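Novice: Structure in structure tokens, see below.
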Amino acid sequence: MSTLEIKNLHASVETPEGTKQILKGVDLTINSGETHAIMGPNGSGKSTLAYSLAGHPKYEITEGSVTLDGEDVLAMSVDERAKAGMFLAMQYPVEVPGVSVSNFLRTAKTAIDGEAPKLRTWVKDVKKSMDDLRMDSSFAERNVNEGFSGGEKKRHEILQMELLAPKIAVLDETDSGLDVDALRIVSEGVNRVKDNTGLGIMLITHYTRILKYIQPDFVHVFVNGQIAEQGGRELADRLEAEGYDRFLASA
Amino acid sequence: MTVTDHSRATADAAHTHGLGTPTPDASRADRPTSFEVDAFTVPTGREEEWRFSPTKALAPVFVDAAADGHLEWDVPELPAGVTLTEVSTADARERSVRAPGDRAAAVAAARAGGAMALTIAPNTVVDEPIQITLTGTGADVRGHLLVEAGASSEATVIIERRGTATYSEFVSVDLAENSGLNLVLLQLWDEDAVHAGEVVARLGRDSRLRGSVVTLGGKAVRLNTSAAFAGEGASVDLFGLYFADSGQHQEHQLFVDHAVPRCTSRVTYKGALAGKTARTVWIGDVLIRKEAEETDTYELNRNLVLTDGARADSVPNLEIETGEIAGAGHASATGRFDDEQMFYLRSRGISEDEARKLVVRGFFADLIQEIGVPTVEESLMKAIDLELEHVNEELAEEQA
Ligand SMILES: Nc1ncnc2c1ncn2[C@@H]1O[C@H](COP(=O)(O)OP(=O)(O)OP(=O)(O)O)[C@@H](O)[C@H]1O
Ligand SMILES: [Mg+2]
């Protein structure tokens, strides 16, 4: 049982026009086994929240705290956070030239576990996970994300999540840009990992479509750097029908 | 919409020439060659072939005078059929496959006081690599080398350069009919060495040259390699690996001259750069002459820039004078290992140093396997790891 606790989180970014405050006091607690959907308009700060949790150097935390099972996440370096059990599936996964997927996965697994995985079972695990995500085995020899289609990049993110088995995963628009088949495959992947490991999930999305496949326990409306309202699944349906106008007017 | 700035200094330019691509104005083949030093003026840096070169640092190698220093030769016991002999300046000229193509090489040939000739007798097949180490002891040195592979011979020759020197050299590589030569030139100099070399190879009918160049050390290293086909059915594979840190200039120029039909050439060079003033230059010229029907050629240069400020120039150039070719192409790409890539790898638990290692090792891995000498391959991976430790220390200092 793990708990990620975000309290009063403020974050800013340096822009040519000066410091820009993006997160303006985020409070959110995610426990193992829970799925929290975060929905909000473009530019409201959802990705900033995701990156801030992962420790992206561009974002400066100006106030607040983040703990994972009581440990101060904000004091950890980027790789320490991953080792502590945090995972971020990125909205725009990065291409890394010269590094094959298989080499990348093995290196990451070794870093997270503190020891190299047993070769036989590892090869089997990778193959199974790739099969389940309908990724052709040739991806293993390709360079990380290089020339991957949008959907292939997203599958690759979930592949990593499955193999690295984090405690808490943040999925930043993993569903965006996927066709219906890919959406189902990716969603099944997420559910499988959740069933197997009981991880807690922060699911950032614009569309309720994915919530047909992945049942959220909570839905949070994210507006202007804060959580403006929370509720259950029904809130998502209402957002889909009404949009965010109601929140934007008051913001 | 995007959160992160994905601007990457990635200049990807890969394309393949179809038939009948127009040739540029000045052909690479028009450059003069001569054993007379005075046939070449002292380069100023404004000349086409010197425009990227650090002519100031290279100045001593242009001086038409004998140098007092020498490299220490460490030569193993040579197998039967292989000899290393001293040759007079006049004989060395005779036995070179052609005259030097630039001033540094002309000075080297004229002022080396004769050449060393490594000769592999016809039909000799040597299984074990022949490894010769040349160590500089700080002085100015001129050198002229002949590597002669007799008809139907097979051998691997590794020439490793260490220590420090201001060294100019002219290396002639002669492959007789149906010979196979794997020639590995390792530039593992200390950080203050200066090295200007011209390597000229002539490939006889059905011969096979695998030429690898590895440049890790030295303050300024400029290697100009030419391979000319003299008989049909020959093939050349030229591989290059370089890694430049701050303060290093590493330049590799290549010229493959397809003058006869049915020959194959492959050029694959890869370089990594780290440190603000790291500088690399790659110029790859391939000429397919009118007579060279059914030529098959491809050249590739890739550079990986690890830190801000480092600069890699890459200039591929293909001249095609016949429409009857089997294939001709080139690709050149310079990619950056940037903060976003670093963040991505670290967000998967991989430490900063480990991330850099992963990227650089991955970048070079396939190339190193091509060298075809297991002992060299292993020591190269170690040498690259050492380079990386150096880079990591430098970056840690910068951050502190
Ligand atoms: N590195 C940056 N430099 C400048 N502005 C930034 C930077 N990162 C984020 N911002 C700005 O902060 C705001 C929040 O961006 P963020 O990407 O977090 O929004 P989002 O909710 O994820 O949007 P989307 O739904 O479009 O993905 C936007 O106005 C964005 O332009
Ligand atoms: Mg976003």
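Following the order of the structure tokens, first chain is A, next is B, and so on, with residues numbered from 1 inside each chain and ligands from 1 in the order they appear.
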Residues of chain B no more than 10 Å from chain A, counting only C-alpha atoms: send them over as a PyMOL selection string.
Specialist: chain B and resi 1-6+304+335-352+354-355+358-366
Novice: Which parts of region 11-227 of chain B does DSSP call alpha helix (DSSP H) when run on the backbone here, written out as a PyMOL selection string?
Specialist: chain B and resi 55-58+89-95+103-111
Novice: Can you check which residues of region 141-205 of chain B DSSP gives as strand (DSSP E or B) on the backbone and send them as a VMD selection string?
Specialist: chain B and resid 141 to 149 154 to 175 180 to 187 194 to 203
Novice: Just the selected residues (C-alpha atoms), exported as a PDB file, in the first residue's frame, please.
Specialist:
```pdb
ATOM      1  CA  VAL B 141      58.414  14.124 -36.473  1.00  0.00           C
ATOM      2  CA  ARG B 142      57.956  13.461 -40.178  1.00  0.00           C
ATOM      3  CA  GLY B 143      56.967  10.016 -41.341  1.00  0.00           C
ATOM      4  CA  HIS B 144      56.541   8.100 -44.556  1.00  0.00           C
ATOM      5  CA  LEU B 145      54.982   4.659 -44.425  1.00  0.00           C
ATOM      6  CA  LEU B 146      54.361   2.058 -47.065  1.00  0.00           C
ATOM      7  CA  VAL B 147      51.938  -0.785 -46.547  1.00  0.00           C
ATOM      8  CA  GLU B 148      52.132  -3.268 -49.394  1.00  0.00           C
ATOM      9  CA  ALA B 149      49.770  -6.213 -49.629  1.00  0.00           C
ATOM     10  CA  GLU B 154      45.350 -11.562 -46.336  1.00  0.00           C
ATOM     11  CA  ALA B 155      46.341  -9.626 -43.243  1.00  0.00           C
ATOM     12  CA  THR B 156      45.200  -7.337 -40.480  1.00  0.00           C
ATOM     13  CA  VAL B 157      47.517  -4.489 -39.564  1.00  0.00           C
ATOM     14  CA  ILE B 158      46.961  -2.233 -36.589  1.00  0.00           C
ATOM     15  CA  ILE B 159      49.026   0.906 -36.275  1.00  0.00           C
ATOM     16  CA  GLU B 160      48.545   2.611 -32.961  1.00  0.00           C
ATOM     17  CA  ARG B 161      49.862   6.078 -32.201  1.00  0.00           C
ATOM     18  CA  ARG B 162      50.454   7.137 -28.614  1.00  0.00           C
ATOM     19  CA  GLY B 163      52.364   9.690 -26.616  1.00  0.00           C
ATOM     20  CA  THR B 164      52.801  13.132 -28.029  1.00  0.00           C
ATOM     21  CA  ALA B 165      54.415  14.622 -31.109  1.00  0.00           C
ATOM     22  CA  THR B 166      53.926  17.163 -33.831  1.00  0.00           C
ATOM     23  CA  TYR B 167      53.637  14.622 -36.547  1.00  0.00           C
ATOM     24  CA  SER B 168      53.104  14.779 -40.264  1.00  0.00           C
ATOM     25  CA  GLU B 169      52.924  11.644 -42.314  1.00  0.00           C
ATOM     26  CA  PHE B 170      52.335  10.208 -45.712  1.00  0.00           C
ATOM     27  CA  VAL B 171      51.011   6.655 -45.786  1.00  0.00           C
ATOM     28  CA  SER B 172      50.812   4.718 -49.014  1.00  0.00           C
ATOM     29  CA  VAL B 173      48.696   1.565 -49.053  1.00  0.00           C
ATOM     30  CA  ASP B 174      49.071  -0.692 -52.034  1.00  0.00           C
ATOM     31  CA  LEU B 175      46.731  -3.630 -52.505  1.00  0.00           C
ATOM     32  CA  GLY B 180      42.638  -8.447 -48.558  1.00  0.00           C
ATOM     33  CA  LEU B 181      43.860  -5.939 -46.010  1.00  0.00           C
ATOM     34  CA  ASN B 182      42.277  -4.820 -42.762  1.00  0.00           C
ATOM     35  CA  LEU B 183      44.147  -1.683 -41.768  1.00  0.00           C
ATOM     36  CA  VAL B 184      43.358  -0.036 -38.449  1.00  0.00           C
ATOM     37  CA  LEU B 185      44.874   3.335 -37.616  1.00  0.00           C
ATOM     38  CA  LEU B 186      44.453   4.314 -33.979  1.00  0.00           C
ATOM     39  CA  GLN B 187      45.084   7.909 -32.952  1.00  0.00           C
ATOM     40  CA  VAL B 194      49.361  17.507 -33.423  1.00  0.00           C
ATOM     41  CA  HIS B 195      48.946  15.099 -36.315  1.00  0.00           C
ATOM     42  CA  ALA B 196      48.437  15.735 -40.009  1.00  0.00           C
ATOM     43  CA  GLY B 197      48.315  12.640 -42.133  1.00  0.00           C
ATOM     44  CA  GLU B 198      47.497  11.654 -45.654  1.00  0.00           C
ATOM     45  CA  VAL B 199      46.649   8.038 -46.334  1.00  0.00           C
ATOM     46  CA  VAL B 200      46.439   7.060 -49.975  1.00  0.00           C
ATOM     47  CA  ALA B 201      45.312   3.608 -51.020  1.00  0.00           C
ATOM     48  CA  ARG B 202      45.303   1.989 -54.422  1.00  0.00           C
ATOM     49  CA  LEU B 203      43.161  -1.075 -54.917  1.00  0.00           C
TER      50      LEU B 203
END
```
Novice: Quick one: residues within 8 Å of region 186-195 of chain A, only C-alpha atoms counted, chain neighbours fewer than 2 positions away excluded, as a PyMOL selection string?
Specialist: chain A and resi 33+132-133+154-155+158+161-162+165+175+182-184+197-200+210+213-214
Novice: How many Å lie between CA of Gln131 (chain B) and CA of Leu223 (chain B), rounded to one decimal?
Specialist: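 Going from CA of Gln131 (chain B) over to CA of Leu223 (chain B), I get 20.0 Å.
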Novice: With distances taken over only C-alpha atoms and all ligand atoms, which of A:Asp179, A:Glu173, A:Leu203, A:Glu229 is nearest to ligand 2?
Specialist: A:Glu173
Novice: Choose the residue, out of A:Arg134, A:Arg142, A:His206, A:His156, that has the smallest atom-to-atom separation from ligand 1; count only C-alpha atoms and all ligand atoms.
Specialist: A:His206
Novice: Excluding region 41-48 of chain B and any residue of its chain fewer than 2 positions from it, enumerate the residues within 10 Å of it, using only C-alpha atoms, and give them as a ChimeraX atom specification.
Specialist: /B:37-39,50-56,58-59,61-64,102-104
Novice: Restricting the calculation to only C-alpha atoms and all ligand atoms, which member of A:Ile204, A:Leu74, A:Ile6, A:Leu53 is positioned closest to ligand 2?
Specialist: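 Looking only at the distances to ligand 2, the closest residue turns out to be A:Ile204.
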Novice: Write out as a PDB file with C-alpha atoms, in the first residue's frame the residues lying within 10 Å of Ile227 (chain A), counting only C-alpha atoms and excluding same-chain residues fewer than 6 positions away.
Specialist:
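Here's the written file around_33.pdb:
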```
ATOM      1  CA  LEU A  23       0.518  25.536 -10.515  1.00  0.00           C
ATOM      2  CA  LYS A  24      -1.321  27.533  -7.902  1.00  0.00           C
ATOM      3  CA  GLY A  25      -1.886  25.192  -5.007  1.00  0.00           C
ATOM      4  CA  VAL A  26      -2.641  21.617  -5.966  1.00  0.00           C
ATOM      5  CA  ASP A  27      -3.936  19.216  -3.313  1.00  0.00           C
ATOM      6  CA  LEU A  28      -4.349  15.585  -4.227  1.00  0.00           C
ATOM      7  CA  ILE A  38      -7.668  14.701 -14.184  1.00  0.00           C
ATOM      8  CA  MET A  39      -9.556  16.678 -16.781  1.00  0.00           C
ATOM      9  CA  GLY A  40      -9.117  20.281 -17.716  1.00  0.00           C
ATOM     10  CA  SER A  44      -4.494  24.698 -17.398  1.00  0.00           C
ATOM     11  CA  LYS A  46      -1.937  19.372 -16.198  1.00  0.00           C
ATOM     12  CA  HIS A 220     -10.875  16.041 -10.754  1.00  0.00           C
ATOM     13  CA  VAL A 221     -11.459  19.159 -12.793  1.00  0.00           C
TER      14      VAL A 221
END
```
